[in-house]
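Student: Here you go, this is start_30.cif (mmCIF, C-alpha atoms).
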data_final
loop_
_atom_site.label_atom_id
_atom_site.label_comp_id
_atom_site.auth_asym_id
_atom_site.auth_seq_id
_atom_site.Cartn_x
_atom_site.Cartn_y
_atom_site.Cartn_z
CA MET X 203 8.93 19.53 -22.90
CA THR X 204 8.40 18.90 -26.58
CA SER X 205 5.35 20.67 -27.96
CA PRO X 206 3.17 17.80 -29.29
CA GLN X 207 2.97 15.93 -25.99
CA LEU X 208 1.57 12.66 -27.21
CA PHE X 209 0.80 9.80 -24.87
CA THR X 210 1.70 6.81 -26.99
CA GLY X 211 2.02 3.06 -26.89
CA GLN X 212 3.90 1.15 -29.55
CA ASP X 213 3.93 -2.50 -30.46
CA LEU X 214 2.67 -3.54 -27.02
CA LEU X 215 2.61 -7.18 -26.10
CA CYS X 216 1.34 -8.39 -22.79
CA LEU X 217 1.47 -11.77 -21.13
CA ARG X 218 -0.69 -12.51 -18.08
CA GLY X 219 -0.50 -15.78 -16.23
CA GLY X 220 1.28 -17.45 -19.14
CA ARG X 221 -1.45 -16.37 -21.59
CA LEU X 222 -0.96 -13.84 -24.36
CA VAL X 223 -3.54 -11.09 -23.76
CA PHE X 224 -2.85 -8.79 -26.67
CA GLN X 225 -0.09 -8.14 -29.16
CA ASP X 226 0.98 -5.51 -31.70
CA LEU X 227 -1.15 -2.93 -29.93
CA ASP X 228 -0.55 0.74 -30.68
CA PHE X 229 -2.34 3.75 -29.30
CA GLN X 230 -1.90 7.48 -29.42
CA LEU X 231 -3.58 10.14 -27.36
CA ALA X 232 -3.17 13.89 -27.79
CA ALA X 233 -4.09 16.59 -25.31
CA GLY X 234 -7.85 16.85 -24.93
CA GLY X 235 -8.32 13.38 -26.37
CA CYS X 236 -10.32 10.49 -25.06
CA LEU X 237 -9.68 6.83 -25.71
CA THR X 238 -12.45 4.36 -24.94
CA LEU X 239 -11.33 0.77 -24.56
CA VAL X 240 -13.90 -1.81 -25.53
CA GLY X 241 -13.74 -5.55 -25.91
CA PRO X 242 -15.08 -8.71 -24.32
CA ASN X 243 -14.17 -9.77 -20.79
CA GLY X 244 -10.57 -10.84 -20.56
CA SER X 245 -9.48 -8.96 -23.66
CA GLY X 246 -7.04 -6.90 -21.60
CA LYS X 247 -8.80 -3.60 -20.93
CA SER X 248 -7.78 -3.48 -17.28
CA THR X 249 -4.35 -4.80 -18.14
CA LEU X 250 -3.79 -2.05 -20.69
CA LEU X 251 -4.91 0.60 -18.17
CA ARG X 252 -2.50 -0.83 -15.59
CA LEU X 253 0.25 -0.77 -18.22
CA MET X 254 -0.55 2.88 -18.89
CA ALA X 255 -0.42 3.60 -15.16
CA GLY X 256 2.97 1.92 -14.88
CA LEU X 257 1.77 -0.73 -12.44
CA LEU X 258 2.64 -3.36 -15.02
CA LYS X 259 5.39 -3.45 -17.59
CA PRO X 260 4.76 -4.65 -21.13
CA LEU X 261 6.68 -7.70 -22.24
CA ARG X 262 7.46 -5.93 -25.49
CA GLY X 263 6.91 -2.40 -26.76
CA THR X 264 7.04 0.96 -25.06
CA ILE X 265 4.60 3.40 -23.57
CA ALA X 266 5.80 6.97 -23.65
CA TRP X 267 4.68 10.47 -22.74
CA GLY X 268 6.05 13.16 -25.04
CA GLY X 269 8.63 10.69 -26.30
CA VAL X 270 9.93 9.78 -22.82
CA ALA X 271 9.34 6.15 -21.89
CA LEU X 272 7.45 5.62 -18.63
CA GLY X 273 10.25 3.53 -17.16
CA GLN X 274 12.70 6.42 -17.49
CA ASP X 275 10.77 8.76 -15.25
CA PRO X 276 8.15 6.87 -13.24
CA GLU X 277 7.80 9.65 -10.62
CA ALA X 278 6.84 12.25 -13.21
CA HIS X 279 4.33 9.87 -14.74
CA ARG X 280 2.70 9.08 -11.38
CA ALA X 281 2.40 12.79 -10.68
CA ARG X 282 0.48 13.33 -13.89
CA LEU X 283 -2.05 10.52 -13.66
CA HIS X 284 -5.19 9.60 -11.79
CA TYR X 285 -6.19 5.97 -11.71
CA VAL X 286 -9.63 4.70 -10.80
CA GLY X 287 -9.62 0.93 -10.56
CA HIS X 288 -12.09 -1.71 -9.51
CA LEU X 289 -11.44 -1.05 -5.84
CA ASP X 290 -12.59 2.22 -4.33
CA ALA X 291 -10.05 2.57 -1.48
CA VAL X 292 -12.74 3.60 1.00
CA LYS X 293 -11.80 3.16 4.64
CA ALA X 294 -14.71 2.05 6.80
CA SER X 295 -13.89 4.33 9.72
CA PHE X 296 -13.15 7.54 7.79
CA THR X 297 -15.74 9.98 6.53
CA CYS X 298 -15.97 10.87 2.85
CA ARG X 299 -14.38 14.24 3.47
CA GLU X 300 -11.44 12.72 5.37
CA ILE X 301 -10.80 10.13 2.69
CA LEU X 302 -10.90 12.67 -0.09
CA ALA X 303 -8.78 15.18 1.85
CA PHE X 304 -6.11 12.53 2.33
CA TRP X 305 -5.87 11.61 -1.35
CA ALA X 306 -5.99 15.25 -2.45
CA GLY X 307 -3.39 16.15 0.18
CA LEU X 308 -0.97 13.54 -1.15
CA ARG X 309 -0.99 15.52 -4.39
CA GLY X 310 -0.78 18.82 -2.60
CA ALA X 311 -4.28 19.93 -3.60
CA GLY X 312 -7.16 21.03 -1.45
CA GLY X 313 -10.33 21.42 -3.52
CA VAL X 314 -12.13 18.88 -1.38
CA ASP X 315 -15.52 20.56 -0.98
CA ALA X 316 -15.80 21.43 -4.66
CA ALA X 317 -14.90 17.85 -5.59
CA LEU X 318 -17.51 16.45 -3.22
CA ALA X 319 -20.08 18.72 -4.81
CA ALA X 320 -18.97 17.77 -8.33
CA PHE X 321 -20.03 14.17 -7.74
CA ALA X 322 -23.02 15.01 -5.55
CA ILE X 323 -21.62 13.52 -2.37
CA ASP X 324 -21.51 16.79 -0.44
CA THR X 325 -24.70 15.77 1.34
CA ILE X 326 -22.99 12.67 2.77
CA ALA X 327 -19.57 14.28 3.31
CA ASP X 328 -19.48 13.38 7.01
CA VAL X 329 -20.80 9.84 6.70
CA PRO X 330 -18.22 7.15 7.55
CA GLY X 331 -17.18 4.87 4.69
CA ARG X 332 -18.82 1.77 6.12
CA PHE X 333 -22.31 3.23 5.53
CA LEU X 334 -21.78 4.05 1.86
CA SER X 335 -23.51 2.15 -0.92
CA ALA X 336 -21.52 0.77 -3.84
CA GLY X 337 -22.52 3.71 -6.05
CA GLN X 338 -21.61 6.25 -3.36
CA ARG X 339 -18.22 4.59 -2.85
CA ARG X 340 -17.60 4.75 -6.56
CA ARG X 341 -18.58 8.42 -6.67
CA LEU X 342 -16.22 9.13 -3.79
CA SER X 343 -13.47 7.35 -5.71
CA LEU X 344 -14.25 9.45 -8.78
CA ALA X 345 -14.24 12.63 -6.70
CA ARG X 346 -10.46 12.18 -6.38
CA LEU X 347 -10.29 13.17 -10.05
CA ALA X 348 -11.87 16.52 -9.34
CA ALA X 349 -10.04 17.16 -6.06
CA ALA X 350 -6.52 17.20 -7.47
CA PRO X 351 -5.83 18.15 -11.08
CA ALA X 352 -3.80 15.70 -13.15
CA PRO X 353 -3.53 15.70 -16.94
CA LEU X 354 -4.15 11.98 -17.47
CA TRP X 355 -7.17 10.06 -16.18
CA LEU X 356 -7.13 6.28 -16.37
CA LEU X 357 -10.59 4.98 -15.57
CA ASP X 358 -11.24 1.26 -15.34
CA GLU X 359 -14.98 0.74 -15.77
CA PRO X 360 -15.79 3.94 -13.90
CA THR X 361 -19.55 3.55 -14.38
CA VAL X 362 -19.90 0.35 -12.35
CA GLY X 363 -22.51 0.92 -9.66
CA LEU X 364 -23.41 4.40 -10.88
CA ASP X 365 -26.98 5.49 -11.50
CA ARG X 366 -27.99 7.49 -14.59
CA ALA X 367 -27.59 10.87 -12.91
CA SER X 368 -24.10 10.00 -11.68
CA VAL X 369 -23.06 8.80 -15.12
CA ALA X 370 -24.12 12.23 -16.41
CA LEU X 371 -21.97 13.86 -13.72
CA LEU X 372 -19.03 11.73 -14.82
CA GLU X 373 -19.60 12.63 -18.47
CA GLY X 374 -19.65 16.30 -17.49
CA ALA X 375 -16.42 15.93 -15.51
CA ILE X 376 -14.72 14.17 -18.41
CA ALA X 377 -15.88 16.85 -20.86
CA ARG X 378 -14.57 19.66 -18.60
CA HIS X 379 -11.30 17.80 -18.10
CA ARG X 380 -10.84 17.40 -21.85
CA ALA X 381 -11.79 21.00 -22.54
CA GLY X 382 -8.92 21.97 -20.24
CA GLY X 383 -6.46 19.89 -22.27
CA GLY X 384 -6.68 16.77 -20.15
CA ARG X 385 -6.71 13.26 -21.57
CA VAL X 386 -8.84 10.33 -20.58
CA VAL X 387 -8.50 6.62 -21.17
CA LEU X 388 -11.45 4.60 -19.98
CA SER X 389 -12.88 1.15 -20.33
CA THR X 390 -16.61 0.63 -20.24
CA HIS X 391 -19.40 -1.75 -21.11
CA ILE X 392 -22.10 0.88 -21.31
CA ASP X 393 -22.46 3.81 -23.65
CA LEU X 394 -20.62 6.73 -22.16
CA ALA X 395 -20.85 9.92 -24.17
CA THR X 396 -17.33 10.98 -25.15
CA PRO X 397 -17.82 13.36 -28.09
CA GLY X 398 -14.89 13.32 -30.47
CA GLY X 399 -13.26 10.47 -28.58
CA GLU X 400 -11.64 7.48 -30.20
CA VAL X 401 -12.54 3.86 -29.60
CA LEU X 402 -9.94 1.10 -29.29
CA ASP X 403 -11.36 -2.39 -29.71
CA LEU X 404 -9.00 -4.74 -27.92
CA ALA X 405 -10.54 -7.78 -29.59
CA ALA X 406 -8.64 -6.69 -32.70
CA PHE X 407 -5.32 -7.28 -30.97
CA ALA X 408 -6.12 -10.66 -29.49
CA PRO X 409 -3.50 -13.23 -30.42
CA VAL X 410 -4.34 -15.35 -33.40
CA GLU X 411 -5.00 -18.85 -32.08
CA ASP X 412 -3.12 -20.67 -34.78
CA ASP X 413 -0.38 -18.66 -36.44
CA GLN X 414 -0.09 -20.85 -39.53
CA ASP X 415 -3.79 -20.97 -40.24
CA GLY X 416 -3.96 -18.07 -42.67
CA ALA X 417 -6.92 -16.71 -40.67
CA GLU X 418 -5.59 -13.23 -40.02
CA ASP X 419 -7.01 -11.36 -37.04
CA ALA X 420 -10.32 -9.65 -37.49
CA ALA X 421 -8.90 -6.14 -37.61
CA MET U 50 4.81 10.97 4.05
CA LEU U 51 3.86 12.63 7.32
CA ARG U 52 0.32 12.71 5.98
CA LEU U 53 0.36 8.96 5.49
CA ILE U 54 1.76 8.37 8.98
CA LEU U 55 -0.94 10.57 10.50
CA ARG U 56 -3.63 8.80 8.49
CA ASP U 57 -2.43 5.40 9.67
CA LEU U 58 -2.31 6.59 13.27
CA ARG U 59 -5.85 7.94 13.00
CA LEU U 60 -6.99 4.71 11.42
CA VAL U 61 -5.56 2.73 14.32
CA LEU U 62 -7.10 5.09 16.88
CA ARG U 63 -10.52 4.71 15.26
CA GLN U 64 -10.32 0.95 15.11
CA GLY U 65 -8.28 0.52 18.26
CA SER U 66 -8.24 -3.24 18.44
CA ASP U 67 -5.07 -3.92 16.43
CA ALA U 68 -2.68 -1.89 18.55
CA THR U 69 -4.16 -2.81 21.93
CA ALA U 70 -4.20 -6.49 20.96
CA ALA U 71 -0.44 -6.47 20.38
CA LEU U 72 0.18 -4.66 23.66
CA MET U 73 -2.10 -6.93 25.68
CA PHE U 74 -0.45 -9.93 24.09
CA PHE U 75 2.94 -8.62 25.22
CA VAL U 76 1.74 -8.03 28.79
CA LEU U 77 0.00 -11.40 29.13
CA CYS U 78 2.89 -13.27 27.58
CA VAL U 79 5.32 -11.84 30.11
CA VAL U 80 2.95 -12.24 33.05
CA LEU U 81 2.51 -15.93 32.25
CA PHE U 82 6.18 -16.70 32.85
CA PRO U 83 6.23 -16.33 36.66
CA PHE U 84 3.32 -18.75 36.75
CA GLY U 85 5.09 -21.19 34.52
CA VAL U 86 8.59 -21.21 36.01
CA GLY U 87 7.63 -20.35 39.59
CA PRO U 88 8.25 -17.16 41.57
CA GLU U 89 11.91 -17.92 42.37
CA PRO U 90 13.53 -14.42 42.13
CA ASN U 91 16.94 -15.66 40.93
CA ILE U 92 15.50 -17.59 38.06
CA LEU U 93 13.14 -14.78 37.08
CA THR U 94 15.93 -12.21 37.07
CA ARG U 95 18.05 -14.53 34.99
CA ILE U 96 15.41 -15.13 32.31
CA ALA U 97 13.86 -11.63 32.36
CA PRO U 98 15.80 -10.23 29.36
CA GLY U 99 15.01 -13.21 27.16
CA VAL U 100 11.37 -13.30 28.16
CA LEU U 101 10.83 -9.59 27.52
CA LEU U 102 12.59 -9.69 24.17
CA ILE U 103 10.81 -12.78 22.88
CA ALA U 104 7.45 -11.42 24.02
CA ALA U 105 8.21 -8.11 22.26
CA LEU U 106 9.24 -10.00 19.13
CA LEU U 107 6.06 -12.06 19.06
CA ALA U 108 3.91 -9.00 19.76
CA ALA U 109 5.51 -7.19 16.82
CA LEU U 110 4.93 -10.21 14.60
CA LEU U 111 1.30 -10.51 15.70
CA SER U 112 0.37 -7.08 14.39
CA MET U 113 2.60 -7.34 11.33
CA GLU U 114 0.27 -9.35 9.14
CA ARG U 115 -2.25 -6.50 9.00
CA LEU U 116 0.38 -3.89 8.14
CA PHE U 117 -0.28 -3.84 4.39
CA GLN U 118 -3.25 -6.22 4.20
CA GLY U 119 -6.02 -3.66 4.79
CA ASP U 120 -4.66 -1.19 2.27
CA PHE U 121 -4.00 -3.99 -0.20
CA GLU U 122 -7.54 -5.34 -0.04
CA ASP U 123 -9.39 -2.06 -0.43
CA GLY U 124 -7.17 -0.73 -3.20
CA SER U 125 -5.54 2.04 -1.16
CA LEU U 126 -2.09 0.53 -1.58
CA GLU U 127 -2.45 0.57 -5.35
CA LEU U 128 -3.34 4.25 -5.22
CA LEU U 129 -0.47 4.96 -2.84
CA LEU U 130 1.94 3.31 -5.28
CA LEU U 131 0.49 5.50 -8.04
CA SER U 132 0.70 8.67 -5.96
CA PRO U 133 3.62 11.06 -6.40
CA LEU U 134 5.07 9.63 -3.18
CA PRO U 135 7.89 7.15 -3.97
CA ALA U 136 7.14 3.53 -3.00
CA GLU U 137 10.06 3.64 -0.57
CA GLY U 138 8.42 6.61 1.15
CA VAL U 139 5.17 4.67 1.44
CA ALA U 140 7.15 1.81 3.01
CA ILE U 141 8.90 4.05 5.54
CA ALA U 142 5.65 5.78 6.49
CA LYS U 143 3.81 2.50 7.03
CA VAL U 144 6.65 1.09 9.14
CA ALA U 145 6.94 4.30 11.15
CA ALA U 146 3.23 4.22 11.90
CA HIS U 147 3.47 0.56 12.89
CA TRP U 148 6.34 1.27 15.25
CA LEU U 149 4.55 4.22 16.82
CA VAL U 150 1.45 2.18 17.61
CA THR U 151 3.10 -1.09 18.65
CA GLY U 152 6.73 -0.37 19.52
CA VAL U 153 6.33 2.78 21.58
CA PRO U 154 3.59 1.49 23.93
CA LEU U 155 5.80 -1.54 24.45
CA LEU U 156 8.69 0.70 25.53
CA ILE U 157 6.43 2.28 28.11
CA VAL U 158 5.07 -0.95 29.55
CA ALA U 159 8.32 -2.94 29.47
CA PRO U 160 9.90 -1.39 32.61
CA LEU U 161 6.82 -2.24 34.69
CA LEU U 162 6.88 -5.82 33.48
CA ALA U 163 10.63 -6.00 34.13
CA LEU U 164 9.99 -5.14 37.79
CA LEU U 165 7.47 -7.96 37.89
CA LEU U 166 10.25 -10.28 36.72
CA ARG U 167 12.54 -8.94 39.48
CA MET U 168 14.90 -7.15 37.17
CA PRO U 169 17.06 -4.73 39.19
CA ALA U 170 15.71 -1.19 38.98
CA ASP U 171 19.07 0.21 37.80
CA GLN U 172 18.82 -1.92 34.66
CA LEU U 173 15.52 -0.45 33.51
CA GLY U 174 17.17 2.39 31.58
CA LEU U 175 19.27 -0.13 29.69
CA LEU U 176 16.17 -2.20 28.99
CA VAL U 177 14.30 0.74 27.50
CA GLY U 178 17.36 1.74 25.47
CA THR U 179 17.80 -1.75 24.10
CA LEU U 180 14.13 -2.04 23.21
CA ALA U 181 14.24 1.40 21.61
CA LEU U 182 16.86 0.02 19.22
CA ALA U 183 15.33 -3.44 18.83
CA THR U 184 11.65 -2.63 18.24
CA PRO U 185 12.15 -0.45 15.12
CA LEU U 186 14.37 -3.23 13.77
CA LEU U 187 11.59 -5.74 14.40
CA SER U 188 9.11 -3.48 12.59
CA LEU U 189 11.43 -2.97 9.61
CA ILE U 190 12.36 -6.62 9.16
CA GLY U 191 8.79 -7.78 9.75
CA ALA U 192 7.46 -5.32 7.19
CA VAL U 193 9.68 -6.88 4.52
CA GLY U 194 8.07 -10.23 5.30
CA ALA U 195 4.59 -8.70 5.38
CA ALA U 196 5.12 -7.09 1.98
CA LEU U 197 6.50 -10.33 0.51
CA THR U 198 3.59 -12.44 1.75
CA LEU U 199 1.02 -9.91 0.52
CA GLY U 200 -1.57 -11.65 -1.59
CA ALA U 201 -0.48 -15.10 -0.46
CA ARG U 202 -3.41 -17.09 0.83
CA ARG U 203 -1.87 -18.42 4.03
CA SER U 204 0.21 -15.35 4.83
CA GLY U 205 -0.56 -15.76 8.54
CA VAL U 206 1.46 -18.97 8.58
CA LEU U 207 4.03 -17.96 6.01
CA LEU U 208 4.97 -14.68 7.65
CA PRO U 209 6.40 -16.08 10.94
CA LEU U 210 8.29 -18.78 9.03
CA LEU U 211 9.86 -16.10 6.87
CA VAL U 212 10.52 -13.48 9.51
CA LEU U 213 11.40 -15.34 12.72
CA PRO U 214 14.79 -16.58 11.46
CA LEU U 215 15.64 -13.00 10.51
CA TYR U 216 14.76 -11.88 14.03
CA ILE U 217 17.45 -14.12 15.55
CA PRO U 218 20.36 -11.65 15.23
CA VAL U 219 18.26 -8.93 16.85
CA LEU U 220 17.39 -11.28 19.68
CA ILE U 221 21.01 -12.36 20.18
CA PHE U 222 22.49 -8.90 20.48
CA ALA U 223 19.62 -7.39 22.45
CA ALA U 224 19.68 -10.27 24.94
CA ALA U 225 23.47 -10.19 25.16
CA GLY U 226 23.36 -6.48 25.90
CA LEU U 227 20.85 -6.92 28.69
CA ASP U 228 22.76 -9.89 30.09
CA ALA U 229 25.96 -7.88 30.09
CA GLY U 230 24.20 -5.17 32.05
CA LEU U 231 22.89 -7.67 34.59
CA SER U 232 26.33 -9.18 35.17
CA GLY U 233 27.99 -5.79 35.53
CA LEU U 234 29.73 -5.66 32.15
CA SER U 235 29.41 -2.91 29.58
CA PRO U 236 26.45 -3.42 27.21
CA ARG U 237 27.96 -0.88 24.85
CA PRO U 238 29.37 -3.19 22.13
CA HIS U 239 26.07 -5.07 21.84
CA LEU U 240 24.05 -1.87 21.65
CA LEU U 241 26.42 -0.47 19.04
CA LEU U 242 25.91 -3.58 16.93
CA LEU U 243 22.15 -3.25 17.33
CA GLY U 244 22.41 0.39 16.31
CA GLY U 245 24.46 -0.61 13.29
CA MET U 246 21.87 -3.16 12.30
CA LEU U 247 19.15 -0.55 12.70
CA CYS U 248 21.01 1.90 10.44
CA GLY U 249 21.46 -0.82 7.83
CA ALA U 250 17.81 -1.88 8.01
CA LEU U 251 16.60 1.72 7.80
CA VAL U 252 18.31 2.01 4.43
CA LEU U 253 17.78 -1.48 3.00
CA ALA U 254 14.35 -2.51 4.32
CA PRO U 255 12.38 0.27 2.59
CA LEU U 256 13.99 -0.70 -0.73
CA ALA U 257 13.03 -4.34 -0.21
CA ILE U 258 9.51 -3.45 0.97
CA ALA U 259 8.95 -1.15 -2.01
CA ALA U 260 10.10 -3.83 -4.45
CA ALA U 261 7.83 -6.40 -2.80
CA LEU U 262 4.84 -4.05 -2.85
CA ARG U 263 5.36 -3.34 -6.52
CA ALA U 264 5.63 -7.05 -7.24
CA ALA U 265 2.39 -7.66 -5.35
CA HIS U 266 0.60 -5.36 -7.81
CA GLU U 267 1.97 -6.96 -10.97
#
Can I see the file as structure tokens?
Tutor:
Amino acid sequence: MTSPQLFTGQDLLCLRGGRLVFQDLDFQLAAGGCLTLVGPNGSGKSTLLRLMAGLLKPLRGTIAWGGVALGQDPEAHRARLHYVGHLDAVKASFTCREILAFWAGLRGAGGVDAALAAFAIDTIADVPGRFLSAGQRRRLSLARLAAAPAPLWLLDEPTVGLDRASVALLEGAIARHRAGGGRVVLSTHIDLATPGGEVLDLAAFAPVEDDQDGAEDAA
Amino acid sequence: MLRLILRDLRLVLRQGSDATAALMFFVLCVVLFPFGVGPEPNILTRIAPGVLLIAALLAALLSMERLFQGDFEDGSLELLLLSPLPAEGVAIAKVAAHWLVTGVPLLIVAPLLALLLRMPADQLGLLVGTLALATPLLSLIGAVGAALTLGARRSGVLLPLLVLPLYIPVLIFAAAGLDAGLSGLSPRPHLLLLGGMLCGALVLAPLAIAAALRAAHE
């Protein structure tokens, strides 16, 4: 392991459904850092998070952790990341505790009760998934972050469905995670307090509509 | 991996309907034949192997569509692919769970149904042995199709079209083995071929399933 373990992306270009989503995108994230992705709908926030997770591969450019490209060691990368997407992976017939225990168990961790408490779902720990509200499902999905430690959190609009108090819980969890050297990349449409974090505006990397037209991109 | 198998088994036990539906389908399918072709013992004995195998094949196919669908729709599959578990391990675990809930009950019921079709009692051991080789093969091959049709809108129609032709070799050798047993010949070569196919599928199918699952999440 090299000492400055940077999580980096260089010269990324991504094509989705025949449409260029972004190009020439670079990012860099050191330990304890937080990168907030902003931009209008369709500017590629989710796509970039899926690229960072390794679910997608960029058409051009490389994403690397400590200088090692993701494609070279996908297992190691999966072991170090948590991904919270649009879907909450809540099974209707399992209780919150069972669902969380399964996901934590896959990573060989067992801090289930503490994680339930961290997102204030300990009171509904034995309620089956089918009775959960959208906000409770989202909190259960976020509790995976606390149940099994992983250095990189990729959060795709984690605040959707959350009330104010839950957003504060999430902010607290992110702050603790960063204080312990963890990194966070998140996309959001609301103001989420990430002190000292950087903001990446994806609109700046949108492809220029007409290459010849002198109108350089708004960056 | 064991954890994933156990979770899938628990999920099926809680919901129940999927596994029992496949089993009931198998039983009803076989029971219909004596009504259709008449209770003539000679004819029933003659067609018993084919009937049992085709019913088993269709029962496996029936439950196959849901194999990855539920996990795909609620986002669990995405998380499984991002877990430290390799995608091939996810594939093997899902197939193993499928076989345990659909294949194994079938093995238990098949001898009873074979008696109904007037199969000689001394052939029942061979029947169970053949099915024990054939049903995991059906699960493995079907899972490749299920993974490939994931996300397709009419996967219920597409899946049988894709998978049934691939089931033909399994059907041929399993039926030939049972026929050989009925006519007093050795079923050994056919069973060995089935076993060979199973070994091949055990290695190749998880690779294909994993690739298809990854492609479904592109």
Student: I need the output of the PyMOL selection byres ((chain X) within 7 of (chain U)) for this file as JSON, numbers by chain; which residues are they?
Tutor: {"X": [257, 258, 277, 280, 281, 289, 290, 291, 292, 295, 309]}
Student: Give me the residues within 10 Å of Leu197 of chain U as a PDB file with C-alpha atoms, keeping the file's coordinate frame, counting only C-alpha atoms and dropping any in the same chain fewer than 2 places off.
Tutor:
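Printed below is out-v5.pdb as written:
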ATOM      1  CA  GLY U 191       8.790  -7.780   9.750  1.00  0.00           C
ATOM      2  CA  ALA U 192       7.460  -5.320   7.190  1.00  0.00           C
ATOM      3  CA  VAL U 193       9.680  -6.880   4.520  1.00  0.00           C
ATOM      4  CA  GLY U 194       8.070 -10.230   5.300  1.00  0.00           C
ATOM      5  CA  ALA U 195       4.590  -8.700   5.380  1.00  0.00           C
ATOM      6  CA  LEU U 199       1.020  -9.910   0.520  1.00  0.00           C
ATOM      7  CA  GLY U 200      -1.570 -11.650  -1.590  1.00  0.00           C
ATOM      8  CA  ALA U 201      -0.480 -15.100  -0.460  1.00  0.00           C
ATOM      9  CA  SER U 204       0.210 -15.350   4.830  1.00  0.00           C
ATOM     10  CA  LEU U 207       4.030 -17.960   6.010  1.00  0.00           C
ATOM     11  CA  LEU U 208       4.970 -14.680   7.650  1.00  0.00           C
ATOM     12  CA  LEU U 211       9.860 -16.100   6.870  1.00  0.00           C
ATOM     13  CA  ALA U 257      13.030  -4.340  -0.210  1.00  0.00           C
ATOM     14  CA  ILE U 258       9.510  -3.450   0.970  1.00  0.00           C
ATOM     15  CA  ALA U 259       8.950  -1.150  -2.010  1.00  0.00           C
ATOM     16  CA  ALA U 260      10.100  -3.830  -4.450  1.00  0.00           C
ATOM     17  CA  ALA U 261       7.830  -6.400  -2.800  1.00  0.00           C
ATOM     18  CA  LEU U 262       4.840  -4.050  -2.850  1.00  0.00           C
ATOM     19  CA  ARG U 263       5.360  -3.340  -6.520  1.00  0.00           C
ATOM     20  CA  ALA U 264       5.630  -7.050  -7.240  1.00  0.00           C
ATOM     21  CA  ALA U 265       2.390  -7.660  -5.350  1.00  0.00           C
TER      22      ALA U 265
END
Student: Could you list the residues chosen by the PyMOL selection byres ((chain X and resi 393-409) around 9) in this structure as a short mmCIF file (atom, residue, chain, number, x, y, z; two decimals) with C-alpha atoms, in the frame of the given file?
Tutor:
data_model
loop_
_atom_site.label_atom_id
_atom_site.label_comp_id
_atom_site.auth_asym_id
_atom_site.auth_seq_id
_atom_site.Cartn_x
_atom_site.Cartn_y
_atom_site.Cartn_z
CA LEU X 222 -0.96 -13.84 -24.36
CA VAL X 223 -3.54 -11.09 -23.76
CA PHE X 224 -2.85 -8.79 -26.67
CA GLN X 225 -0.09 -8.14 -29.16
CA ASP X 226 0.98 -5.51 -31.70
CA LEU X 227 -1.15 -2.93 -29.93
CA PHE X 229 -2.34 3.75 -29.30
CA LEU X 231 -3.58 10.14 -27.36
CA GLY X 235 -8.32 13.38 -26.37
CA CYS X 236 -10.32 10.49 -25.06
CA LEU X 237 -9.68 6.83 -25.71
CA THR X 238 -12.45 4.36 -24.94
CA LEU X 239 -11.33 0.77 -24.56
CA VAL X 240 -13.90 -1.81 -25.53
CA GLY X 241 -13.74 -5.55 -25.91
CA PRO X 242 -15.08 -8.71 -24.32
CA SER X 245 -9.48 -8.96 -23.66
CA GLY X 246 -7.04 -6.90 -21.60
CA LYS X 247 -8.80 -3.60 -20.93
CA THR X 361 -19.55 3.55 -14.38
CA VAL X 369 -23.06 8.80 -15.12
CA ALA X 370 -24.12 12.23 -16.41
CA GLU X 373 -19.60 12.63 -18.47
CA ILE X 376 -14.72 14.17 -18.41
CA ALA X 377 -15.88 16.85 -20.86
CA THR X 390 -16.61 0.63 -20.24
CA HIS X 391 -19.40 -1.75 -21.11
CA ILE X 392 -22.10 0.88 -21.31
CA VAL X 410 -4.34 -15.35 -33.40
CA GLU X 411 -5.00 -18.85 -32.08
CA ASP X 412 -3.12 -20.67 -34.78
CA ASP X 413 -0.38 -18.66 -36.44
CA ASP X 419 -7.01 -11.36 -37.04
CA ALA X 420 -10.32 -9.65 -37.49
CA ALA X 421 -8.90 -6.14 -37.61
#
Student: Quick check, in Å to one decimal: how far apart do atom CA of Ala367 of chain X and atom CA of Ala348 of chain X lie?
Tutor: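 Computing it gives 17.1 Å between the two atoms.
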Student: Could you name the residues that touch Ala250 of chain U at 12 Å or less, counting all atoms listed in the file, but leaving out those on the same chain fewer than 5 positions away, as a ChimeraX atom specification?
Tutor: /U:141,144,182-193,215,219,243-245,255-258
